[in-house]
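Reading through the structure tokens given below for one structure.
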Amino acid sequence: MPKINNLSISTFDTPPFNINKIRADFPILNVQIEGKPLVYLDNAASAQMPQQVIDRLVRYQSTQHANIHRAVHYLSELATAEYDEARRKVQRFINAGEEREVIFTSGTTEAINLVMHGYGRKFIGAGDEIIISTLEHHSNIVPWQMLAEERGAKIRVVPVNDAGELQLDAYMNLFNERTKFVSLIHVSNALGTINPVKKMIAYAHSRGVPVLVDGAQAVPHMKVDVQDLDCDFYAFSGHKLCGPTGIGILYGKAALLESMQPFKGGGDMILSVTFEKTTYNTIPYKFEAGTPPIAAAIGLGAALDYLSAIGMENIAAHEHALLQYATEQVSQIPGVRIVGTARDKASVLSFVMEHIHPHDVGTLLNQEGIAVRTGHHCAQPVMQRMGIPATSRASFAFYNTRAEVDALMAGIRMVQKIFA
Amino acid sequence: MANLKALYQEVILDHNKKPRNYGAVERASHHAEGHNPLCGDHLSITLAIADENIQNIAFNGESCAICKASASMMTVAVKGKSRADAEILIEEFLAMVTGKLDLNIPDQKEKLAHIGRLAVFAGVHDLPTRVKCAILPWHTLHAAFSSVAQVSTESEFDPMHAPIGDA
Ligand SMILES: Cc1ncc(COP(=O)(O)O)c(C=O)c1O
């Protein structure tokens with residue numbers, strides 16, 4: 001159990017962070033479950049959407065929609081401009097060097113698959129090695145396994161300690177002259193561990209190896225600067241950022257993206273097509289075949305505006321205080337054990353209860369209106385390493401409150417009482 | 001959903017704490033393992049069947065409370081019954097929990113004539129992700145009858161396949 005010092009409650013409602021005002025932006029927080037107010041603690045799976053983003057989607061769909069990049073008429077030009085503006089918002093949000101380094105995908109999963117196909121299938125061959133970690137989400141395991149199987153390449157895995165922290169010495173020892181790619185999770189969705197990716201990237205670069213970072217759980221909770229990290233690729237999803245589903249981002253360094261082969265073929269990703277030969281479009285369009293989710297991209301842009309107005313530093317501070325409070329509270333309940341006790345954690349409280357299966361915990365908490373995730377969190381290797389089949393996971397967002405943490409604790413005690 | 005809380009409070013906890021017919025039948029004539037990789041539920045059922053009659057049945061394993069209670073009550077319900085009657089009960093239970101038949105609709109209720117106390121599990125239907133917890137023992141029993149060695153409520157042949165979601 002990490003020791004918690006200086007529990008700060010000052011960040012909970014001091015300006016500019018006004019929790020009541022923020023909560024009023026989220027209409028879904030008024031939903032009642034089983035006649036009780038919703039306590040939404042499944043933000044790592046998907047975050048809720050503020051009215052500002054909902055309104056933006058409505059405005060786009062009611063006054064601005066047409067297909068992009070295709071016609072000279074007014075609406076098409078307007079939609080194209082809004083879509084391009086959304087890309088610039090993403091660029092600014094993660095501090096990408098250039099607009100064309102930001103590719104719209106359907107989500108983190110597609111972003112990773114794009115790199116597997118576009119980079120992996122072009123540059124990784126028989127006997128080559130790819131390094132991933134024990135903490136990976138299945139979406140950063142399975143694509144590399146598919147590639148390894150197809151190409152006769154090998155996957156090497158960075159181990160974790162009992163707290164759920166990656167072992168950096170072991171990581172460095174995994175490198176050899178066959179190491180061709182590294183793909184690492186930034187923040188663990190199952191345990192909340194924040195991995196020292198900047199250091200890990202620097203080491204990989206010293207060995208001449210490019211690195212992809214799965215930032216699905218990092219971007220919503222902290223300021224991410226891709227140039228500062230110096231990552232070669234960075235993937236994340238819009239729906240975990242208060243944006244719509246169906247939109248995600250792959251950031252990639254321009255030179256790498258240019259060296260890659262396209263992932264999908266179709267309209268918009270070409271400059272010219274004859275039956276003899278097709279010339280591919282420049283980046284980012286080379287990787288955006290077909291009509292993209294235009295509304296979702298614009299909605300994501302609005303979500304980033306919303307988060308920026310609150311300030312990622314404020315969000316991180318509030319969530320950190322909540323996590324500390326929840327950690328402290330749950331530590332006081334006998335029979336409950338936190339899984340994942342890394343020193344650096346973000347937003348996730350995974351736990352198991354003695355003699356009570358997580359699915360029963362989740363079902364009974366739901367009766368109290370409390371939404372948590374139970375199961376293996378699409379990270380079965382993490383569960384195996386921790387020696388458990390599943391956990392219950394509460395994951396916090398900036399609109400969660402101390403009162404909601406208290407409700408969770410009361411819920412946990414209620415479950416214990418039922419099973420007593 | 002109110003049914004669901006009742007399910008926990010009245011039945012599941014009793015059978016979770018004091019599972020009936022827990023263990024293994026010695027010199028079993030039939031045996032099957034049930035497995036749900038998604039939640040890690042694992043169940044072993046052993047039977048002594050003679051003259052088409054279930055003379056003895058036992059189960060053991062690691063699972064959530066819904067699965068364990070379902071297994072416990074299942075063993076009580078089928079012990080001493082003929083294999084054919086047990087198969088009828090399996091069909092009725094699956095139909096009820098998966099929502100094919102509804103006890104609240106009179107002409108459907110007729111087709112659930114043997115359900116008896118197992119009716120408490122009807123509420124599980126409200127939670128699709130828990131249905132497979134409740135039906136794992138019954139699939140496993142069916143598999144044991146036909147001497148199928150392994151059964152999984154997550155196999156691609158399982159019509160009830162319902163992942164717990166993502167993230
Ligand atoms: C760490 C991590 N990587 C990848 C994903 C996959 O994201 P998506 O399903 O939006 O593609 C998730 C969430 O589901 C995640 O938490």
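By convention here, the chains of the structure tokens are called A, B, ... in the order presented, each chain's residues are numbered starting at 1, and ligands are numbered starting at 1 in the order presented.
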**Request:** Find the spatial neighbours of Ala81 (chain A), counting only C-alpha atoms, within a cut-off of 9 Å - ignore same-chain residues fewer than 5 positions away - and output them as a ChimeraX atom specification.
**Result:** /A:68,76,86
Could you give me, as a short mmCIF file (atom, residue, chain, number, x, y, z; two decimals) with N, CA and C atoms, in the first residue's frame, the residues within 10 Å of Gly164 (chain A), counting only C-alpha atoms and dropping anything in the same chain fewer than 2 positions from it?
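See out-v6.cif below for the written result:
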```cif
data_model
loop_
_atom_site.label_atom_id
_atom_site.label_comp_id
_atom_site.auth_asym_id
_atom_site.auth_seq_id
_atom_site.Cartn_x
_atom_site.Cartn_y
_atom_site.Cartn_z
N THR A 134 3.97 -6.19 -19.85
CA THR A 134 2.94 -6.99 -19.17
C THR A 134 1.65 -6.20 -18.99
N LEU A 135 1.76 -4.87 -18.93
CA LEU A 135 0.59 -4.04 -18.62
C LEU A 135 -0.28 -3.75 -19.83
N PRO A 159 8.61 -7.17 -17.78
CA PRO A 159 7.90 -7.64 -16.58
C PRO A 159 7.51 -6.49 -15.65
N VAL A 160 6.59 -6.77 -14.72
CA VAL A 160 6.23 -5.80 -13.68
C VAL A 160 6.50 -6.41 -12.30
N ASN A 161 6.65 -5.56 -11.30
CA ASN A 161 6.79 -6.04 -9.92
C ASN A 161 5.39 -6.19 -9.30
N ASP A 162 5.33 -6.55 -8.03
CA ASP A 162 4.05 -6.82 -7.39
C ASP A 162 3.17 -5.58 -7.26
N LEU A 166 6.58 -1.30 -14.10
CA LEU A 166 7.46 -1.93 -15.08
C LEU A 166 8.89 -1.95 -14.54
N GLN A 167 9.60 -3.03 -14.87
CA GLN A 167 10.98 -3.21 -14.40
C GLN A 167 11.94 -2.70 -15.47
N SER A 188 -1.66 2.39 -17.30
CA SER A 188 -2.36 1.09 -17.32
C SER A 188 -3.84 1.26 -17.03
N ALA A 190 -5.81 -1.18 -16.31
CA ALA A 190 -6.23 -2.15 -15.31
C ALA A 190 -5.79 -1.75 -13.91
N LEU A 191 -4.59 -1.14 -13.79
CA LEU A 191 -4.03 -0.85 -12.47
C LEU A 191 -3.83 0.63 -12.22
N GLY A 192 -3.76 1.43 -13.28
CA GLY A 192 -3.53 2.86 -13.11
C GLY A 192 -2.08 3.28 -13.11
N THR A 193 -1.16 2.34 -13.19
CA THR A 193 0.27 2.66 -13.19
C THR A 193 0.62 3.67 -14.30
N ILE A 194 1.32 4.74 -13.93
CA ILE A 194 1.87 5.65 -14.94
C ILE A 194 3.29 5.17 -15.24
N ASN A 195 3.52 4.79 -16.48
CA ASN A 195 4.84 4.27 -16.82
C ASN A 195 5.79 5.39 -17.23
N VAL A 339 -5.39 -3.64 -5.95
CA VAL A 339 -4.50 -4.31 -6.89
C VAL A 339 -3.88 -3.22 -7.76
N GLY A 340 -2.56 -3.10 -7.68
CA GLY A 340 -1.89 -2.01 -8.39
C GLY A 340 -1.59 -0.89 -7.40
N THR A 341 -0.37 -0.92 -6.87
CA THR A 341 0.01 0.05 -5.83
C THR A 341 1.27 0.79 -6.25
N ALA A 342 1.37 1.08 -7.53
CA ALA A 342 2.54 1.79 -8.04
C ALA A 342 2.64 3.16 -7.38
N ARG A 343 3.85 3.67 -7.31
CA ARG A 343 4.04 5.01 -6.75
C ARG A 343 3.35 6.06 -7.61
N LYS A 345 0.46 6.79 -10.04
CA LYS A 345 -0.80 6.24 -10.55
C LYS A 345 -1.73 7.34 -11.01
N VAL A 382 -2.06 -8.96 -17.31
CA VAL A 382 -1.88 -8.25 -16.03
C VAL A 382 -2.52 -9.08 -14.92
N ARG A 385 -0.48 -12.04 -14.04
CA ARG A 385 0.71 -11.65 -13.28
C ARG A 385 0.34 -11.37 -11.82
N MET A 386 -0.84 -10.79 -11.61
CA MET A 386 -1.26 -10.45 -10.25
C MET A 386 -1.91 -11.65 -9.57
#
```
Please return, as a PDB file with N, CA and C atoms, in the first residue's frame, all residues of region 35-121 of chain B that DSSP assigns to helix (DSSP H, G or I) on the basis of the backbone.
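Okay, result_16.pdb is ready:
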```pdb
ATOM      1  N   ALA B  65     -20.855 -15.878  -7.003  1.00  0.00           N
ATOM      2  CA  ALA B  65     -21.934 -16.395  -6.166  1.00  0.00           C
ATOM      3  C   ALA B  65     -23.119 -16.868  -6.990  1.00  0.00           C
ATOM      4  N   ILE B  66     -23.414 -16.191  -8.081  1.00  0.00           N
ATOM      5  CA  ILE B  66     -24.556 -16.590  -8.907  1.00  0.00           C
ATOM      6  C   ILE B  66     -24.310 -17.973  -9.504  1.00  0.00           C
ATOM      7  N   CYS B  67     -23.112 -18.203  -9.974  1.00  0.00           N
ATOM      8  CA  CYS B  67     -22.768 -19.490 -10.577  1.00  0.00           C
ATOM      9  C   CYS B  67     -22.812 -20.602  -9.526  1.00  0.00           C
ATOM     10  N   LYS B  68     -22.251 -20.305  -8.369  1.00  0.00           N
ATOM     11  CA  LYS B  68     -22.176 -21.314  -7.317  1.00  0.00           C
ATOM     12  C   LYS B  68     -23.570 -21.684  -6.815  1.00  0.00           C
ATOM     13  N   ALA B  69     -24.406 -20.673  -6.626  1.00  0.00           N
ATOM     14  CA  ALA B  69     -25.758 -20.931  -6.136  1.00  0.00           C
ATOM     15  C   ALA B  69     -26.558 -21.701  -7.180  1.00  0.00           C
ATOM     16  N   SER B  70     -26.362 -21.337  -8.428  1.00  0.00           N
ATOM     17  CA  SER B  70     -27.060 -22.027  -9.503  1.00  0.00           C
ATOM     18  C   SER B  70     -26.655 -23.501  -9.524  1.00  0.00           C
ATOM     19  N   ALA B  71     -25.369 -23.762  -9.352  1.00  0.00           N
ATOM     20  CA  ALA B  71     -24.877 -25.148  -9.348  1.00  0.00           C
ATOM     21  C   ALA B  71     -25.434 -25.903  -8.151  1.00  0.00           C
ATOM     22  N   SER B  72     -25.396 -25.240  -7.006  1.00  0.00           N
ATOM     23  CA  SER B  72     -25.872 -25.877  -5.780  1.00  0.00           C
ATOM     24  C   SER B  72     -27.343 -26.260  -5.902  1.00  0.00           C
ATOM     25  N   MET B  73     -28.155 -25.311  -6.348  1.00  0.00           N
ATOM     26  CA  MET B  73     -29.589 -25.589  -6.463  1.00  0.00           C
ATOM     27  C   MET B  73     -29.881 -26.589  -7.571  1.00  0.00           C
ATOM     28  N   MET B  74     -29.046 -26.577  -8.575  1.00  0.00           N
ATOM     29  CA  MET B  74     -29.225 -27.547  -9.661  1.00  0.00           C
ATOM     30  C   MET B  74     -29.021 -28.968  -9.147  1.00  0.00           C
ATOM     31  N   THR B  75     -27.974 -29.153  -8.342  1.00  0.00           N
ATOM     32  CA  THR B  75     -27.713 -30.516  -7.851  1.00  0.00           C
ATOM     33  C   THR B  75     -28.870 -31.002  -6.983  1.00  0.00           C
ATOM     34  N   VAL B  76     -29.402 -30.092  -6.172  1.00  0.00           N
ATOM     35  CA  VAL B  76     -30.551 -30.462  -5.333  1.00  0.00           C
ATOM     36  C   VAL B  76     -31.738 -30.846  -6.219  1.00  0.00           C
ATOM     37  N   ALA B  77     -31.941 -30.074  -7.283  1.00  0.00           N
ATOM     38  CA  ALA B  77     -33.121 -30.272  -8.125  1.00  0.00           C
ATOM     39  C   ALA B  77     -33.053 -31.569  -8.935  1.00  0.00           C
ATOM     40  N   VAL B  78     -31.864 -31.981  -9.345  1.00  0.00           N
ATOM     41  CA  VAL B  78     -31.809 -33.145 -10.247  1.00  0.00           C
ATOM     42  C   VAL B  78     -31.464 -34.455  -9.543  1.00  0.00           C
ATOM     43  N   ARG B  83     -32.557 -39.107 -15.876  1.00  0.00           N
ATOM     44  CA  ARG B  83     -31.763 -38.275 -16.775  1.00  0.00           C
ATOM     45  C   ARG B  83     -32.671 -37.473 -17.722  1.00  0.00           C
ATOM     46  N   ALA B  84     -33.719 -38.114 -18.197  1.00  0.00           N
ATOM     47  CA  ALA B  84     -34.635 -37.433 -19.117  1.00  0.00           C
ATOM     48  C   ALA B  84     -35.307 -36.240 -18.424  1.00  0.00           C
ATOM     49  N   ASP B  85     -35.733 -36.444 -17.179  1.00  0.00           N
ATOM     50  CA  ASP B  85     -36.354 -35.334 -16.440  1.00  0.00           C
ATOM     51  C   ASP B  85     -35.347 -34.207 -16.214  1.00  0.00           C
ATOM     52  N   ALA B  86     -34.114 -34.582 -15.943  1.00  0.00           N
ATOM     53  CA  ALA B  86     -33.080 -33.562 -15.734  1.00  0.00           C
ATOM     54  C   ALA B  86     -32.865 -32.765 -17.025  1.00  0.00           C
ATOM     55  N   GLU B  87     -32.897 -33.439 -18.153  1.00  0.00           N
ATOM     56  CA  GLU B  87     -32.729 -32.737 -19.427  1.00  0.00           C
ATOM     57  C   GLU B  87     -33.868 -31.737 -19.654  1.00  0.00           C
ATOM     58  N   ILE B  88     -35.068 -32.145 -19.261  1.00  0.00           N
ATOM     59  CA  ILE B  88     -36.207 -31.226 -19.386  1.00  0.00           C
ATOM     60  C   ILE B  88     -35.980 -29.983 -18.523  1.00  0.00           C
ATOM     61  N   LEU B  89     -35.480 -30.236 -17.307  1.00  0.00           N
ATOM     62  CA  LEU B  89     -35.236 -29.110 -16.400  1.00  0.00           C
ATOM     63  C   LEU B  89     -34.135 -28.193 -16.950  1.00  0.00           C
ATOM     64  N   ILE B  90     -33.113 -28.781 -17.519  1.00  0.00           N
ATOM     65  CA  ILE B  90     -32.039 -27.972 -18.125  1.00  0.00           C
ATOM     66  C   ILE B  90     -32.648 -27.045 -19.181  1.00  0.00           C
ATOM     67  N   GLU B  91     -33.479 -27.610 -20.028  1.00  0.00           N
ATOM     68  CA  GLU B  91     -34.086 -26.811 -21.091  1.00  0.00           C
ATOM     69  C   GLU B  91     -34.947 -25.692 -20.525  1.00  0.00           C
ATOM     70  N   GLU B  92     -35.732 -26.018 -19.518  1.00  0.00           N
ATOM     71  CA  GLU B  92     -36.599 -24.991 -18.932  1.00  0.00           C
ATOM     72  C   GLU B  92     -35.769 -23.887 -18.276  1.00  0.00           C
ATOM     73  N   PHE B  93     -34.721 -24.284 -17.550  1.00  0.00           N
ATOM     74  CA  PHE B  93     -33.898 -23.297 -16.859  1.00  0.00           C
ATOM     75  C   PHE B  93     -33.236 -22.355 -17.866  1.00  0.00           C
ATOM     76  N   LEU B  94     -32.669 -22.929 -18.906  1.00  0.00           N
ATOM     77  CA  LEU B  94     -32.008 -22.097 -19.914  1.00  0.00           C
ATOM     78  C   LEU B  94     -33.014 -21.155 -20.576  1.00  0.00           C
ATOM     79  N   ALA B  95     -34.203 -21.678 -20.866  1.00  0.00           N
ATOM     80  CA  ALA B  95     -35.221 -20.847 -21.519  1.00  0.00           C
ATOM     81  C   ALA B  95     -35.641 -19.688 -20.617  1.00  0.00           C
ATOM     82  N   MET B  96     -35.726 -19.974 -19.308  1.00  0.00           N
ATOM     83  CA  MET B  96     -36.151 -18.922 -18.378  1.00  0.00           C
ATOM     84  C   MET B  96     -35.062 -17.855 -18.210  1.00  0.00           C
ATOM     85  N   VAL B  97     -33.822 -18.294 -17.994  1.00  0.00           N
ATOM     86  CA  VAL B  97     -32.758 -17.334 -17.685  1.00  0.00           C
ATOM     87  C   VAL B  97     -32.363 -16.526 -18.927  1.00  0.00           C
ATOM     88  N   PRO B 106     -48.802 -16.266 -18.716  1.00  0.00           N
ATOM     89  CA  PRO B 106     -49.442 -17.534 -18.370  1.00  0.00           C
ATOM     90  C   PRO B 106     -49.123 -18.705 -19.312  1.00  0.00           C
ATOM     91  N   ASP B 107     -49.276 -18.514 -20.640  1.00  0.00           N
ATOM     92  CA  ASP B 107     -49.064 -19.698 -21.476  1.00  0.00           C
ATOM     93  C   ASP B 107     -47.582 -20.050 -21.627  1.00  0.00           C
ATOM     94  N   GLN B 108     -46.695 -19.091 -21.258  1.00  0.00           N
ATOM     95  CA  GLN B 108     -45.274 -19.436 -21.234  1.00  0.00           C
ATOM     96  C   GLN B 108     -44.924 -20.128 -19.924  1.00  0.00           C
ATOM     97  N   LYS B 109     -45.615 -19.707 -18.886  1.00  0.00           N
ATOM     98  CA  LYS B 109     -45.371 -20.294 -17.573  1.00  0.00           C
ATOM     99  C   LYS B 109     -45.643 -21.807 -17.595  1.00  0.00           C
ATOM    100  N   GLU B 110     -46.662 -22.189 -18.385  1.00  0.00           N
ATOM    101  CA  GLU B 110     -46.992 -23.618 -18.517  1.00  0.00           C
ATOM    102  C   GLU B 110     -45.794 -24.430 -18.984  1.00  0.00           C
ATOM    103  N   LYS B 111     -44.994 -23.797 -19.828  1.00  0.00           N
ATOM    104  CA  LYS B 111     -43.847 -24.530 -20.373  1.00  0.00           C
ATOM    105  C   LYS B 111     -42.677 -24.555 -19.397  1.00  0.00           C
ATOM    106  N   LEU B 112     -42.856 -23.891 -18.253  1.00  0.00           N
ATOM    107  CA  LEU B 112     -41.815 -23.902 -17.223  1.00  0.00           C
ATOM    108  C   LEU B 112     -42.322 -24.671 -16.005  1.00  0.00           C
ATOM    109  N   GLY B 116     -40.065 -24.674 -10.313  1.00  0.00           N
ATOM    110  CA  GLY B 116     -40.138 -24.653  -8.846  1.00  0.00           C
ATOM    111  C   GLY B 116     -39.330 -23.524  -8.231  1.00  0.00           C
ATOM    112  N   ARG B 117     -38.483 -23.840  -7.246  1.00  0.00           N
ATOM    113  CA  ARG B 117     -37.713 -22.822  -6.526  1.00  0.00           C
ATOM    114  C   ARG B 117     -36.685 -22.124  -7.418  1.00  0.00           C
ATOM    115  N   LEU B 118     -36.339 -22.773  -8.516  1.00  0.00           N
ATOM    116  CA  LEU B 118     -35.351 -22.171  -9.417  1.00  0.00           C
ATOM    117  C   LEU B 118     -35.861 -20.882 -10.047  1.00  0.00           C
ATOM    118  N   ALA B 119     -37.135 -20.613  -9.859  1.00  0.00           N
ATOM    119  CA  ALA B 119     -37.728 -19.384 -10.401  1.00  0.00           C
ATOM    120  C   ALA B 119     -36.997 -18.133  -9.919  1.00  0.00           C
ATOM    121  N   VAL B 120     -36.318 -18.213  -8.774  1.00  0.00           N
ATOM    122  CA  VAL B 120     -35.599 -17.022  -8.289  1.00  0.00           C
ATOM    123  C   VAL B 120     -34.544 -16.556  -9.287  1.00  0.00           C
ATOM    124  N   PHE B 121     -34.100 -17.454 -10.136  1.00  0.00           N
ATOM    125  CA  PHE B 121     -33.059 -17.056 -11.084  1.00  0.00           C
ATOM    126  C   PHE B 121     -33.599 -16.271 -12.281  1.00  0.00           C
TER     127      PHE B 121
END
```
**Message:** Residues contacting ligand 1 - anything with an atom at most 7 Å away, using only C-alpha atoms and all ligand atoms - can you give me those as a PyMOL selection string?
**Reply:** (chain A and resi 44-45+107-110+136-137+139-140+185+187-189+214-217+237+239) or (chain B and resi 166-167)
Give me a file of those residues, with C-alpha atoms, as a compact mmCIF listing (two decimals), in the first residue's frame.
```
# COMPACT_ATOMS: atom_id res chain seq x y z
CA ALA A 44 -11.55 4.45 -17.98
CA ALA A 45 -13.94 2.50 -20.18
CA GLY A 107 -9.89 4.85 -31.96
CA THR A 108 -6.78 3.65 -30.19
CA THR A 109 -7.28 0.13 -31.48
CA GLU A 110 -7.33 1.24 -35.10
CA GLU A 136 -0.64 -3.81 -22.20
CA HIS A 137 -4.31 -3.65 -23.12
CA SER A 139 -5.28 -3.87 -28.33
CA ASN A 140 -1.53 -3.42 -27.93
CA ILE A 185 1.13 1.55 -22.60
CA VAL A 187 -1.06 4.56 -18.18
CA SER A 188 -2.36 1.09 -17.32
CA ASN A 189 -6.13 0.81 -17.69
CA ASP A 214 -0.70 3.69 -26.20
CA GLY A 215 -1.97 6.82 -24.49
CA ALA A 216 -5.65 5.89 -24.27
CA GLN A 217 -5.59 6.26 -20.48
CA SER A 237 -9.37 7.53 -28.24
CA HIS A 239 -14.54 8.70 -26.23
CA ASP B 166 -14.47 -3.10 -22.94
CA ALA B 167 -11.91 -0.75 -21.64
```
**Item:** Residue with smallest distance to chain A - pool B:Cys133, B:Val25, B:Ala113, B:Leu103, counting only C-alpha atoms
**Value:** B:Cys133
**Request:** May I ask you to extract the residues of chain A within 6 Å of chain B, using only C-alpha atoms, and to give them as a ChimeraX atom specification?
**Result:** /A:45,357,375,377,389
**Fill in**
Students should find that CA of Ile131 (chain A) and CA of Ser106 (chain A) are spaced 24.6 Å
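Among the candidates A:Tyr40, A:Phe419, A:Phe275, A:Phe398, the one nearest to Val11 (chain B) when counting only C-alpha atoms is A:Phe419.
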**Request:** Skip Ala410 (chain A) itself and residues of its chain fewer than 4 positions away, then list as a list in words all residues within 12 Å of it, counting only C-alpha atoms.
**Result:**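 Residues meeting the cut-off are Ala326, Gln329, Val330, Ile333, Leu364, Leu365, Glu368, Gly369, Ile370, Ala403, Glu404, Val405, Asp406, Met414, Val415, Gln416 and Lys417 of chain A.
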**Asked** Using only C-alpha atoms, which residues sit within 7 Å of Pro210 (chain A) once same-chain residues fewer than 4 positions away are excluded, as JSON, numbers by chain?
**Response** {"A": [181, 182, 204, 205, 232]}
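Non-sequential neighbours of Leu47 (chain B) (distance at most 9 Å, separation of 6 or more positions within a chain, only C-alpha atoms) are Ala24, Val25, Glu26, Arg27, Ala28, Ser29, His30, His31, Ile54, Gln55, Asn56, Ile57, Ala58, Phe59, Leu141, Ala144 and Phe145 of chain B.
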Output the selection as a compact mmCIF listing (two decimals), in the first residue's frame - N, CA and C atoms for each residue.
```txt
# COMPACT_ATOMS: atom_id res chain seq x y z
N ALA B 24 -17.02 -34.07 -4.80
CA ALA B 24 -16.98 -34.93 -5.98
C ALA B 24 -17.57 -36.29 -5.64
N VAL B 25 -18.27 -36.88 -6.59
CA VAL B 25 -18.85 -38.21 -6.41
C VAL B 25 -17.75 -39.25 -6.64
N GLU B 26 -17.61 -40.16 -5.71
CA GLU B 26 -16.60 -41.22 -5.90
C GLU B 26 -17.08 -42.20 -6.95
N ARG B 27 -16.16 -42.73 -7.69
CA ARG B 27 -16.47 -43.66 -8.78
C ARG B 27 -17.60 -43.12 -9.66
N ALA B 28 -17.42 -41.89 -10.08
CA ALA B 28 -18.43 -41.24 -10.92
C ALA B 28 -18.54 -41.94 -12.27
N SER B 29 -19.77 -41.99 -12.76
CA SER B 29 -19.95 -42.57 -14.10
C SER B 29 -19.87 -41.48 -15.17
N HIS B 30 -20.15 -40.25 -14.76
CA HIS B 30 -20.13 -39.14 -15.71
C HIS B 30 -19.42 -37.94 -15.09
N HIS B 31 -18.80 -37.16 -15.94
CA HIS B 31 -18.03 -36.02 -15.42
C HIS B 31 -17.88 -34.96 -16.51
N ILE B 54 -30.22 -40.45 -11.80
CA ILE B 54 -29.11 -39.74 -11.16
C ILE B 54 -29.11 -40.11 -9.69
N GLN B 55 -28.23 -41.04 -9.32
CA GLN B 55 -28.22 -41.48 -7.93
C GLN B 55 -27.44 -40.51 -7.07
N ASN B 56 -26.43 -39.92 -7.67
CA ASN B 56 -25.65 -38.96 -6.89
C ASN B 56 -25.06 -37.92 -7.84
N ILE B 57 -24.89 -36.71 -7.32
CA ILE B 57 -24.28 -35.64 -8.11
C ILE B 57 -23.54 -34.71 -7.17
N ALA B 58 -22.42 -34.19 -7.60
CA ALA B 58 -21.67 -33.21 -6.80
C ALA B 58 -20.97 -32.23 -7.73
N PHE B 59 -20.66 -31.08 -7.16
CA PHE B 59 -19.92 -30.09 -7.96
C PHE B 59 -18.88 -29.44 -7.08
N LEU B 141 -23.70 -29.70 -16.83
CA LEU B 141 -24.45 -30.92 -16.55
C LEU B 141 -24.85 -31.61 -17.85
N ALA B 144 -21.95 -33.27 -19.23
CA ALA B 144 -21.60 -34.50 -18.50
C ALA B 144 -22.46 -35.66 -18.98
N PHE B 145 -23.75 -35.41 -19.20
CA PHE B 145 -24.65 -36.46 -19.70
C PHE B 145 -24.14 -37.04 -21.01
```
**Prompt:** Do you know which residues are at most 7 Å from His125 (chain B) counting only C-alpha atoms, after dropping those on the same chain fewer than 4 positions away, and could you put them as a ChimeraX atom specification?
**Reply:** /B:97-99,131
**Request:** Might you pull out every residue within 12 Å of Thr327 (chain A), with only C-alpha atoms counted and same-chain residues fewer than 5 positions away left off, and present them as an MDAnalysis selection string?
**Result:** chainID A and resid 1:5 7 319:322 332:333 336:342 345:351 394:396 402 405:406 408:409
**Item:** Which of region 2-147 of chain B DSSP labels strand (DSSP E), written as number ranges by chain
**Value:** B: 30-36, 41-50, 53-62
**Prompt:** Nearest to Asp42 (chain A) among A:Arg87, A:His138, A:Lys180, A:Lys240, with distances taken over only C-alpha atoms: which residue is it?
**Reply:** A:Lys240
